[in-house]
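Student: Okay, handing you the structure first.
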Amino acid sequence: MSGDRATAQRLEMLLVLQWLDEGMAVNGDVMLSVPTAAAELGLEGDEGLLSLMGALGILEEEGRVQVEWPSRPFDSAEARVLLSPDIARDAEALFGS
């Protein structure tokens, strides 16, 4: 498994955990702080941020998440991430009450 794919899987799990922690929004909505997520995954410096962004791109290309960036130019520190219905359903079945 490539490092990028492994990072994408770790990021997906982090997003699911955050979604569960935030109360499991019906639409799979999660606010992602890019620097915080990178730090939580042990990705350091500019290279770590780029790795996280690449992982987010992989998840989006695979249809696992949908990413919406803020409309403010040059502000990419936070993104709104929508988990796919399949991921949200599976996570709710496994971890929900």
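Residues in the structure tokens are named by chain (A, B, ... in the order shown) and by number from 1 within that chain; ligands are numbered from 1 in the order shown.
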Excluding Leu43 (chain A) and its own-chain neighbours fewer than 5 positions away, which residues fall within 12 Å of it when counting only C-alpha atoms? Please give them as a PyMOL selection string.
Tutor: chain A and resi 3-4+7+10-11+34-38+48-53+55
Student: Once DSSP has gone over the backbone, tell me which residues of chain A are in strand (DSSP E or B), as a list of chain:residue names.
Tutor: A:Asp29, A:Val30, A:Met31, A:Leu32, A:Ser33, A:Val65, A:Gln66, A:Val67, A:Glu68, A:Glu78, A:Ala79, A:Arg80, A:Val81, A:Leu82, A:Leu83
Student: Write the residues of the preceding selection, restricted to C-alpha atoms, as a CSV table (one decimal), in the first residue's frame.
Tutor:
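This is the output file selection_7.csv:
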chain,number,residue,atom,x,y,z
A,29,ASP,CA,-21.0,17.1,7.6
A,30,VAL,CA,-17.6,17.5,9.3
A,31,MET,CA,-15.5,20.7,9.6
A,32,LEU,CA,-11.8,19.8,9.0
A,33,SER,CA,-9.0,22.0,10.3
A,65,VAL,CA,-15.9,12.4,0.8
A,66,GLN,CA,-16.9,15.7,-0.8
A,67,VAL,CA,-14.8,18.7,0.1
A,68,GLU,CA,-16.0,22.3,0.1
A,78,GLU,CA,-10.5,24.8,7.1
A,79,ALA,CA,-12.7,22.8,4.8
A,80,ARG,CA,-16.2,21.4,5.1
A,81,VAL,CA,-16.1,17.7,4.4
A,82,LEU,CA,-19.2,15.6,3.7
A,83,LEU,CA,-18.8,11.9,4.3
Student: Determine the nearest neighbour of Leu94 (chain A) from the options A:Ala39, A:Ala6, A:Leu17, A:Glu12, counting only C-alpha atoms.
Tutor: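 Among the listed residues, A:Leu17 lies closest to Leu94 (chain A).
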Student: Which residues are near region 18-22 of chain A? Cut-off 9 Å, only C-alpha atoms, ignore same chain within fewer than 2 positions. Put them as an NGL selection string.
Tutor: :A and (13-16 or 24-25 or 28-32 or 83 or 88 or 91-92 or 95-96)
Student: Limited to N, CA and C atoms, could you put the picked residues into a file as a PDB file, in the first residue's frame?
Tutor:
ATOM      1  N   MET A  13     -10.485   7.670   8.768  1.00  0.00           N
ATOM      2  CA  MET A  13     -10.853   7.263  10.124  1.00  0.00           C
ATOM      3  C   MET A  13     -10.928   8.474  11.048  1.00  0.00           C
ATOM      4  N   LEU A  14     -10.005   9.408  10.899  1.00  0.00           N
ATOM      5  CA  LEU A  14     -10.045  10.631  11.703  1.00  0.00           C
ATOM      6  C   LEU A  14     -11.333  11.409  11.436  1.00  0.00           C
ATOM      7  N   LEU A  15     -11.726  11.513  10.177  1.00  0.00           N
ATOM      8  CA  LEU A  15     -12.963  12.212   9.823  1.00  0.00           C
ATOM      9  C   LEU A  15     -14.181  11.519  10.422  1.00  0.00           C
ATOM     10  N   VAL A  16     -14.201  10.204  10.373  1.00  0.00           N
ATOM     11  CA  VAL A  16     -15.320   9.453  10.953  1.00  0.00           C
ATOM     12  C   VAL A  16     -15.374   9.683  12.458  1.00  0.00           C
ATOM     13  N   MET A  24     -22.788  13.213  14.840  1.00  0.00           N
ATOM     14  CA  MET A  24     -23.266  12.484  13.661  1.00  0.00           C
ATOM     15  C   MET A  24     -24.301  13.265  12.849  1.00  0.00           C
ATOM     16  N   ALA A  25     -23.904  14.386  12.300  1.00  0.00           N
ATOM     17  CA  ALA A  25     -24.796  15.179  11.454  1.00  0.00           C
ATOM     18  C   ALA A  25     -25.402  14.282  10.368  1.00  0.00           C
ATOM     19  N   GLY A  28     -23.631  13.946   7.076  1.00  0.00           N
ATOM     20  CA  GLY A  28     -22.231  13.541   7.090  1.00  0.00           C
ATOM     21  C   GLY A  28     -21.258  14.691   7.169  1.00  0.00           C
ATOM     22  N   ASP A  29     -21.740  15.851   7.572  1.00  0.00           N
ATOM     23  CA  ASP A  29     -20.964  17.086   7.607  1.00  0.00           C
ATOM     24  C   ASP A  29     -19.926  17.085   8.728  1.00  0.00           C
ATOM     25  N   VAL A  30     -18.668  17.400   8.366  1.00  0.00           N
ATOM     26  CA  VAL A  30     -17.571  17.524   9.318  1.00  0.00           C
ATOM     27  C   VAL A  30     -16.746  18.746   8.928  1.00  0.00           C
ATOM     28  N   MET A  31     -16.403  19.583   9.901  1.00  0.00           N
ATOM     29  CA  MET A  31     -15.486  20.687   9.632  1.00  0.00           C
ATOM     30  C   MET A  31     -14.070  20.192   9.901  1.00  0.00           C
ATOM     31  N   LEU A  32     -13.205  20.345   8.929  1.00  0.00           N
ATOM     32  CA  LEU A  32     -11.841  19.840   9.018  1.00  0.00           C
ATOM     33  C   LEU A  32     -10.861  20.998   9.089  1.00  0.00           C
ATOM     34  N   LEU A  83     -19.029  13.340   4.457  1.00  0.00           N
ATOM     35  CA  LEU A  83     -18.769  11.916   4.311  1.00  0.00           C
ATOM     36  C   LEU A  83     -19.793  11.331   3.351  1.00  0.00           C
ATOM     37  N   ALA A  88     -21.053   7.212   6.313  1.00  0.00           N
ATOM     38  CA  ALA A  88     -21.849   7.659   7.461  1.00  0.00           C
ATOM     39  C   ALA A  88     -22.745   6.525   7.964  1.00  0.00           C
ATOM     40  N   ALA A  91     -20.522   3.824   9.698  1.00  0.00           N
ATOM     41  CA  ALA A  91     -20.016   4.318  10.985  1.00  0.00           C
ATOM     42  C   ALA A  91     -21.126   4.370  12.025  1.00  0.00           C
ATOM     43  N   GLU A  92     -22.303   4.808  11.602  1.00  0.00           N
ATOM     44  CA  GLU A  92     -23.434   4.878  12.535  1.00  0.00           C
ATOM     45  C   GLU A  92     -23.825   3.466  12.989  1.00  0.00           C
ATOM     46  N   PHE A  95     -20.797   2.367  15.383  1.00  0.00           N
ATOM     47  CA  PHE A  95     -20.471   3.154  16.568  1.00  0.00           C
ATOM     48  C   PHE A  95     -21.624   3.961  17.151  1.00  0.00           C
ATOM     49  N   GLY A  96     -22.697   4.113  16.400  1.00  0.00           N
ATOM     50  CA  GLY A  96     -23.820   4.924  16.864  1.00  0.00           C
ATOM     51  C   GLY A  96     -24.607   4.217  17.964  1.00  0.00           C
TER      52      GLY A  96
END
Student: If you run DSSP on the backbone here, which positions in region 8-39 of chain A get helix (DSSP H, G or I)? Please write them as a list in words.
Tutor: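 DSSP-assigned helix (DSSP H, G or I) residues in region 8-39 of chain A: Ala8, Gln9, Arg10, Leu11, Glu12, Met13, Leu14, Leu15, Val16, Leu17, Gln18, Trp19, Leu20, Asp21, Val34, Pro35, Thr36, Ala37, Ala38 and Ala39 of chain A.
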Student: Just give me the gap between CA of Ser71 (chain A) and CA of Leu41 (chain A) in Å, one decimal is fine.
Tutor: 26.3 Å
Student: Would you compute the distance between CA of Asn27 (chain A) and CA of Leu59 (chain A)? Give it in Å to one decimal.
Tutor: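 Answer for the CA of Asn27 (chain A) to CA of Leu59 (chain A) separation: 17.0 Å.
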